[in-house]
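Chemist: I'm passing along coords.pdb; it holds PDB, C-alpha atoms, pLDDT in the B column.
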ATOM      1  CA  MET A  69      22.688 -50.309  -5.331  1.00 80.00           C
ATOM      2  CA  PHE A  70      20.897 -47.072  -6.296  1.00 88.00           C
ATOM      3  CA  LYS A  71      21.103 -47.978 -10.005  1.00 90.00           C
ATOM      4  CA  LYS A  72      19.454 -51.352  -9.347  1.00 92.00           C
ATOM      5  CA  ILE A  73      16.614 -49.682  -7.413  1.00 91.00           C
ATOM      6  CA  VAL A  74      15.953 -47.240 -10.269  1.00 93.00           C
ATOM      7  CA  GLU A  75      16.164 -49.987 -12.920  1.00 94.00           C
ATOM      8  CA  ASP A  76      13.680 -52.163 -11.015  1.00 94.00           C
ATOM      9  CA  LEU A  77      11.205 -49.298 -10.573  1.00 94.00           C
ATOM     10  CA  LEU A  78      11.573 -48.341 -14.229  1.00 95.00           C
ATOM     11  CA  GLN A  79      11.014 -51.935 -15.336  1.00 95.00           C
ATOM     12  CA  ASN A  80       7.862 -52.174 -13.198  1.00 95.00           C
ATOM     13  CA  ALA A  81       6.503 -48.939 -14.714  1.00 95.00           C
ATOM     14  CA  LEU A  82       7.211 -50.150 -18.260  1.00 95.00           C
ATOM     15  CA  GLU A  83       5.513 -53.470 -17.522  1.00 95.00           C
ATOM     16  CA  GLU A  84       2.452 -51.553 -16.365  1.00 95.00           C
ATOM     17  CA  ARG A  85       2.481 -49.384 -19.512  1.00 94.00           C
ATOM     18  CA  GLN A  86       3.492 -51.764 -22.281  1.00 94.00           C
ATOM     19  CA  ASP A  87       2.864 -49.141 -24.967  1.00 94.00           C
ATOM     20  CA  LEU A  88       5.971 -47.328 -23.671  1.00 95.00           C
ATOM     21  CA  PHE A  89       9.532 -48.585 -24.065  1.00 94.00           C
ATOM     22  CA  LEU A  90      13.011 -47.567 -23.010  1.00 95.00           C
ATOM     23  CA  ILE A  91      15.365 -45.916 -25.474  1.00 94.00           C
ATOM     24  CA  ASP A  92      18.160 -44.921 -23.109  1.00 93.00           C
ATOM     25  CA  PHE A  93      19.042 -44.843 -19.431  1.00 95.00           C
ATOM     26  CA  TYR A  94      21.874 -42.778 -17.922  1.00 94.00           C
ATOM     27  CA  LEU A  95      23.033 -42.588 -14.343  1.00 93.00           C
ATOM     28  CA  SER A  96      25.898 -40.224 -13.612  1.00 91.00           C
ATOM     29  CA  GLY A  97      28.247 -40.429 -10.645  1.00 87.00           C
ATOM     30  CA  ASP A  98      26.281 -37.770  -8.744  1.00 89.00           C
ATOM     31  CA  ASN A  99      23.016 -39.778  -9.074  1.00 90.00           C
ATOM     32  CA  ALA A 100      21.612 -37.698 -11.917  1.00 93.00           C
ATOM     33  CA  VAL A 101      19.181 -40.056 -13.658  1.00 94.00           C
ATOM     34  CA  LYS A 102      18.174 -39.424 -17.273  1.00 95.00           C
ATOM     35  CA  ILE A 103      15.609 -41.712 -18.917  1.00 96.00           C
ATOM     36  CA  VAL A 104      14.608 -41.483 -22.575  1.00 95.00           C
ATOM     37  CA  ILE A 105      11.387 -43.256 -23.572  1.00 95.00           C
ATOM     38  CA  ASP A 106       9.310 -43.724 -26.691  1.00 94.00           C
ATOM     39  CA  GLY A 107       5.865 -45.158 -27.273  1.00 92.00           C
ATOM     40  CA  ASP A 108       4.002 -47.125 -29.890  1.00 90.00           C
ATOM     41  CA  ASN A 109       1.632 -44.152 -30.225  1.00 87.00           C
ATOM     42  CA  GLY A 110       4.128 -41.418 -29.383  1.00 87.00           C
ATOM     43  CA  VAL A 111       4.840 -39.958 -25.956  1.00 92.00           C
ATOM     44  CA  LEU A 112       2.798 -37.355 -24.115  1.00 93.00           C
ATOM     45  CA  VAL A 113       3.902 -35.241 -21.175  1.00 94.00           C
ATOM     46  CA  GLU A 114       1.602 -37.396 -19.036  1.00 95.00           C
ATOM     47  CA  ASP A 115       3.587 -40.495 -20.057  1.00 95.00           C
ATOM     48  CA  CYS A 116       6.840 -38.888 -18.885  1.00 95.00           C
ATOM     49  CA  MET A 117       5.127 -37.860 -15.646  1.00 95.00           C
ATOM     50  CA  PHE A 118       3.904 -41.441 -15.136  1.00 96.00           C
ATOM     51  CA  ILE A 119       7.436 -42.856 -15.420  1.00 96.00           C
ATOM     52  CA  SER A 120       8.868 -40.087 -13.264  1.00 95.00           C
ATOM     53  CA  ARG A 121       6.327 -40.611 -10.499  1.00 94.00           C
ATOM     54  CA  ALA A 122       6.726 -44.401 -10.621  1.00 94.00           C
ATOM     55  CA  ILE A 123      10.399 -43.967  -9.808  1.00 93.00           C
ATOM     56  CA  GLU A 124      10.445 -40.864  -7.635  1.00 90.00           C
ATOM     57  CA  HIS A 125       7.649 -41.853  -5.257  1.00 88.00           C
ATOM     58  CA  ASP A 126       9.318 -45.121  -4.249  1.00 86.00           C
ATOM     59  CA  ILE A 127      12.800 -43.817  -3.453  1.00 88.00           C
ATOM     60  CA  ASP A 128      13.553 -42.319  -0.047  1.00 84.00           C
ATOM     61  CA  ARG A 129      15.097 -38.864  -0.578  1.00 81.00           C
ATOM     62  CA  GLU A 130      16.637 -39.070   2.894  1.00 83.00           C
ATOM     63  CA  GLU A 131      18.605 -42.131   1.843  1.00 87.00           C
ATOM     64  CA  HIS A 132      19.397 -41.190  -1.783  1.00 86.00           C
ATOM     65  CA  ASP A 133      20.059 -37.705  -3.107  1.00 90.00           C
ATOM     66  CA  PHE A 134      19.267 -37.733  -6.839  1.00 91.00           C
ATOM     67  CA  SER A 135      17.841 -35.789  -9.743  1.00 92.00           C
ATOM     68  CA  LEU A 136      15.495 -37.366 -12.269  1.00 93.00           C
ATOM     69  CA  GLU A 137      14.779 -36.361 -15.847  1.00 95.00           C
ATOM     70  CA  VAL A 138      12.351 -38.330 -18.033  1.00 95.00           C
ATOM     71  CA  LEU A 139      11.984 -37.295 -21.645  1.00 94.00           C
ATOM     72  CA  SER A 140      10.781 -38.595 -24.976  1.00 92.00           C
ATOM     73  CA  SER A 141      13.032 -39.180 -27.932  1.00 86.00           C
ATOM     74  CA  GLY A 142      12.794 -36.049 -30.045  1.00 82.00           C
ATOM     75  CA  ALA A 143      11.504 -35.689 -33.574  1.00 78.00           C
ATOM     76  CA  ALA A 144      15.042 -35.271 -34.924  1.00 80.00           C
ATOM     77  CA  THR A 145      16.502 -38.076 -32.798  1.00 88.00           C
ATOM     78  CA  PRO A 146      17.698 -41.099 -34.787  1.00 93.00           C
ATOM     79  CA  LEU A 147      15.529 -44.214 -34.625  1.00 93.00           C
ATOM     80  CA  ILE A 148      17.339 -46.842 -32.561  1.00 91.00           C
ATOM     81  CA  LEU A 149      14.994 -49.762 -31.953  1.00 92.00           C
ATOM     82  CA  PRO A 150      13.041 -51.684 -34.614  1.00 92.00           C
ATOM     83  CA  ARG A 151       9.884 -51.016 -32.575  1.00 92.00           C
ATOM     84  CA  GLN A 152      10.204 -47.276 -33.326  1.00 93.00           C
ATOM     85  CA  TYR A 153       9.785 -47.635 -37.089  1.00 94.00           C
ATOM     86  CA  SER A 154       6.162 -48.842 -37.288  1.00 91.00           C
ATOM     87  CA  LYS A 155       4.620 -45.574 -36.150  1.00 90.00           C
ATOM     88  CA  HIS A 156       6.462 -43.742 -38.945  1.00 92.00           C
ATOM     89  CA  ILE A 157       5.011 -45.663 -41.905  1.00 93.00           C
ATOM     90  CA  GLY A 158       4.060 -43.118 -44.567  1.00 93.00           C
ATOM     91  CA  ARG A 159       6.699 -40.605 -43.454  1.00 93.00           C
ATOM     92  CA  ASN A 160      10.001 -39.855 -45.168  1.00 95.00           C
ATOM     93  CA  LEU A 161      13.181 -41.272 -43.655  1.00 95.00           C
ATOM     94  CA  GLU A 162      16.838 -40.526 -44.232  1.00 95.00           C
ATOM     95  CA  VAL A 163      18.789 -43.760 -43.843  1.00 96.00           C
ATOM     96  CA  LYS A 164      22.557 -44.245 -43.764  1.00 96.00           C
ATOM     97  CA  THR A 165      23.639 -47.841 -44.159  1.00 95.00           C
ATOM     98  CA  LEU A 166      26.753 -49.641 -42.974  1.00 95.00           C
ATOM     99  CA  ASP A 167      27.650 -50.273 -46.621  1.00 93.00           C
ATOM    100  CA  HIS A 168      27.881 -46.464 -47.166  1.00 94.00           C
ATOM    101  CA  GLN A 169      24.567 -45.797 -48.915  1.00 94.00           C
ATOM    102  CA  ASP A 170      22.553 -42.678 -48.175  1.00 95.00           C
ATOM    103  CA  LEU A 171      18.879 -43.250 -48.972  1.00 95.00           C
ATOM    104  CA  GLU A 172      15.840 -41.054 -48.580  1.00 95.00           C
ATOM    105  CA  GLY A 173      12.309 -42.194 -49.186  1.00 96.00           C
ATOM    106  CA  GLU A 174       8.889 -42.960 -47.803  1.00 96.00           C
ATOM    107  CA  LEU A 175       8.782 -45.730 -45.231  1.00 96.00           C
ATOM    108  CA  THR A 176       6.291 -48.126 -46.797  1.00 96.00           C
ATOM    109  CA  GLU A 177       6.846 -51.325 -44.827  1.00 95.00           C
ATOM    110  CA  VAL A 178       8.326 -52.562 -41.565  1.00 95.00           C
ATOM    111  CA  ASN A 179       8.857 -56.259 -40.924  1.00 94.00           C
ATOM    112  CA  GLU A 180      10.862 -58.327 -38.455  1.00 93.00           C
ATOM    113  CA  ASP A 181      13.994 -58.125 -40.645  1.00 94.00           C
ATOM    114  CA  GLY A 182      14.018 -54.486 -41.689  1.00 96.00           C
ATOM    115  CA  VAL A 183      12.284 -51.702 -43.566  1.00 96.00           C
ATOM    116  CA  VAL A 184      11.282 -50.855 -47.124  1.00 96.00           C
ATOM    117  CA  LEU A 185      11.717 -47.342 -48.523  1.00 96.00           C
ATOM    118  CA  SER A 186      10.065 -46.069 -51.725  1.00 96.00           C
ATOM    119  CA  TRP A 187      10.878 -42.946 -53.728  1.00 95.00           C
ATOM    120  CA  LYS A 188      10.782 -41.523 -57.246  1.00 94.00           C
ATOM    121  CA  ALA A 189      13.893 -40.653 -59.226  1.00 91.00           C
ATOM    122  CA  ARG A 190      14.589 -38.967 -62.548  1.00 91.00           C
ATOM    123  CA  GLU A 191      16.689 -41.132 -64.854  1.00 90.00           C
ATOM    124  CA  PRO A 192      17.764 -40.881 -68.490  1.00 89.00           C
ATOM    125  CA  LYS A 193      15.354 -42.438 -70.980  1.00 88.00           C
ATOM    126  CA  PRO A 194      16.443 -45.875 -72.192  1.00 84.00           C
ATOM    127  CA  VAL A 195      16.068 -44.615 -75.772  1.00 84.00           C
ATOM    128  CA  GLY A 196      16.347 -41.014 -76.900  1.00 83.00           C
ATOM    129  CA  LYS A 197      17.006 -37.808 -75.055  1.00 87.00           C
ATOM    130  CA  GLY A 198      15.457 -36.586 -71.825  1.00 88.00           C
ATOM    131  CA  LYS A 199      14.569 -38.150 -68.515  1.00 91.00           C
ATOM    132  CA  VAL A 200      11.733 -40.202 -67.098  1.00 90.00           C
ATOM    133  CA  THR A 201      10.461 -40.552 -63.556  1.00 92.00           C
ATOM    134  CA  VAL A 202      10.816 -44.074 -62.183  1.00 92.00           C
ATOM    135  CA  ALA A 203       9.615 -45.605 -58.925  1.00 94.00           C
ATOM    136  CA  LYS A 204      12.372 -47.101 -56.766  1.00 94.00           C
ATOM    137  CA  THR A 205      12.288 -49.230 -53.634  1.00 95.00           C
ATOM    138  CA  ALA A 206      14.950 -50.505 -51.288  1.00 95.00           C
ATOM    139  CA  ALA A 207      14.678 -53.165 -48.599  1.00 95.00           C
ATOM    140  CA  ILE A 208      17.115 -52.423 -45.782  1.00 96.00           C
ATOM    141  CA  ALA A 209      17.862 -54.892 -43.002  1.00 96.00           C
ATOM    142  CA  PHE A 210      17.906 -53.511 -39.455  1.00 96.00           C
ATOM    143  CA  ASP A 211      21.454 -54.796 -38.961  1.00 95.00           C
ATOM    144  CA  ASN A 212      22.599 -52.750 -41.999  1.00 96.00           C
ATOM    145  CA  ILE A 213      21.172 -49.441 -40.722  1.00 96.00           C
ATOM    146  CA  LYS A 214      23.841 -47.156 -39.337  1.00 96.00           C
ATOM    147  CA  GLU A 215      21.446 -44.255 -38.720  1.00 95.00           C
ATOM    148  CA  ALA A 216      17.819 -43.522 -39.579  1.00 96.00           C
ATOM    149  CA  LYS A 217      16.031 -40.239 -39.003  1.00 95.00           C
ATOM    150  CA  VAL A 218      12.532 -39.053 -39.780  1.00 93.00           C
ATOM    151  CA  LYS A 219      12.710 -36.227 -42.302  1.00 92.00           C
ATOM    152  CA  ILE A 220      10.707 -33.351 -40.886  1.00 85.00           C
ATOM    153  CA  LYS A 221       8.734 -31.253 -43.399  1.00 80.00           C
ATOM    154  CA  PHE A 222       7.604 -27.729 -42.608  1.00 78.00           C
TER     155      PHE A 222
END
What does the file become when written as structure tokens?

Modeler:
Amino acid sequence: MFKKIVEDLLQNALEERQDLFLIDFYLSGDNAVKIVIDGDNGVLVEDCMFISRAIEHDIDREEHDFSLEVLSSGAATPLILPRQYSKHIGRNLEVKTLDHQDLEGELTEVNEDGVVLSWKAREPKPVGKGKVTVAKTAAIAFDNIKEAKVKIKF
């Protein structure tokens, strides 16, 4: 019952703010609610407050004892939904695939099927000694991505 109330209020808030979307929703046995959101343009503290208020203000504390935590997916959190990738075009990603490849490169394209990474690699010259730098690309389908993280540079 309580879970349904929270889900309905959350859904209404996300319909009102369509630039925000749900990443994860937890409800523990002691009514501790944890909501993780992301946004097409990132997430501000005000966005978390909006979701929190949309839920908290419409639940009677006399009837339901609960705690509520609304947070954004962190910078080091793996990308889960295809919708999350678009805002990271131009950034470096580390991608682990289901067919056991580990790739790292610049996210250059996102389409309905997957992503395209580009990077440069040093390879032996076809003729003679030494190495040359070559441009590489890889198209990776969303259903082949085991884990993808934005590589943070400092």

Chemist: Which of these residues is nearest to Leu95 of chain A, using all atoms listed in the file: A:Ile73, A:Val111, A:Val178, A:Ile119?

Modeler: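 Nearest to Leu95 of chain A: A:Ile73.
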
Chemist: Could you tell me, as a list in words, exactly which residues end up selected when the PyMOL selection byres ((chain A and resi 163) around 7) is applied to this structure?

Modeler: Leu161, Glu162, Lys164, Thr165, Asp170, Leu171, Glu172, Ile213, Glu215, Ala216 and Lys217 of chain A

Chemist: Compile the contact shell of segment 132-145 of chain A as a PyMOL selection string: residues with an atom at most 10 Å away, counting all atoms listed in the file, same-chain residues fewer than 3 positions apart removed.

Modeler: chain A and resi 70+90-96+98-107+110-113+115-121+123-124+127-129+148+215-220

Chemist: If you keep C-alpha atoms, can you produce a file of those selected residues as a short mmCIF file (atom, residue, chain, number, x, y, z; two decimals), keeping the file's coordinate frame?

Modeler:
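This is the output file part.cif:
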data_model
loop_
_atom_site.label_atom_id
_atom_site.label_comp_id
_atom_site.auth_asym_id
_atom_site.auth_seq_id
_atom_site.Cartn_x
_atom_site.Cartn_y
_atom_site.Cartn_z
CA PHE A 70 20.90 -47.07 -6.30
CA LEU A 90 13.01 -47.57 -23.01
CA ILE A 91 15.36 -45.92 -25.47
CA ASP A 92 18.16 -44.92 -23.11
CA PHE A 93 19.04 -44.84 -19.43
CA TYR A 94 21.87 -42.78 -17.92
CA LEU A 95 23.03 -42.59 -14.34
CA SER A 96 25.90 -40.22 -13.61
CA ASP A 98 26.28 -37.77 -8.74
CA ASN A 99 23.02 -39.78 -9.07
CA ALA A 100 21.61 -37.70 -11.92
CA VAL A 101 19.18 -40.06 -13.66
CA LYS A 102 18.17 -39.42 -17.27
CA ILE A 103 15.61 -41.71 -18.92
CA VAL A 104 14.61 -41.48 -22.58
CA ILE A 105 11.39 -43.26 -23.57
CA ASP A 106 9.31 -43.72 -26.69
CA GLY A 107 5.86 -45.16 -27.27
CA GLY A 110 4.13 -41.42 -29.38
CA VAL A 111 4.84 -39.96 -25.96
CA LEU A 112 2.80 -37.35 -24.12
CA VAL A 113 3.90 -35.24 -21.18
CA ASP A 115 3.59 -40.49 -20.06
CA CYS A 116 6.84 -38.89 -18.89
CA MET A 117 5.13 -37.86 -15.65
CA PHE A 118 3.90 -41.44 -15.14
CA ILE A 119 7.44 -42.86 -15.42
CA SER A 120 8.87 -40.09 -13.26
CA ARG A 121 6.33 -40.61 -10.50
CA ILE A 123 10.40 -43.97 -9.81
CA GLU A 124 10.44 -40.86 -7.64
CA ILE A 127 12.80 -43.82 -3.45
CA ASP A 128 13.55 -42.32 -0.05
CA ARG A 129 15.10 -38.86 -0.58
CA ILE A 148 17.34 -46.84 -32.56
CA GLU A 215 21.45 -44.26 -38.72
CA ALA A 216 17.82 -43.52 -39.58
CA LYS A 217 16.03 -40.24 -39.00
CA VAL A 218 12.53 -39.05 -39.78
CA LYS A 219 12.71 -36.23 -42.30
CA ILE A 220 10.71 -33.35 -40.89
#

Chemist: When you look at Thr201 of chain A with a cut-off of 12 Å (counting all atoms listed in the file), what residues show up, excluding the ones that are within fewer than 4 positions of it in the same chain? I need them as an MDAnalysis selection string.

Modeler: chainID A and resid 187:194

Chemist: Centre and edge lengths of an axis-aligned box around all listed atoms of segment 120-124 of chain A, with 3 Å added on each side, are to be given in Å to one decimal, as lines of an AutoDock Vina configuration file.

Modeler:
center_x = 8.4
center_y = -42.2
center_z = -10.4
size_x = 10.1
size_y = 10.3
size_z = 11.6
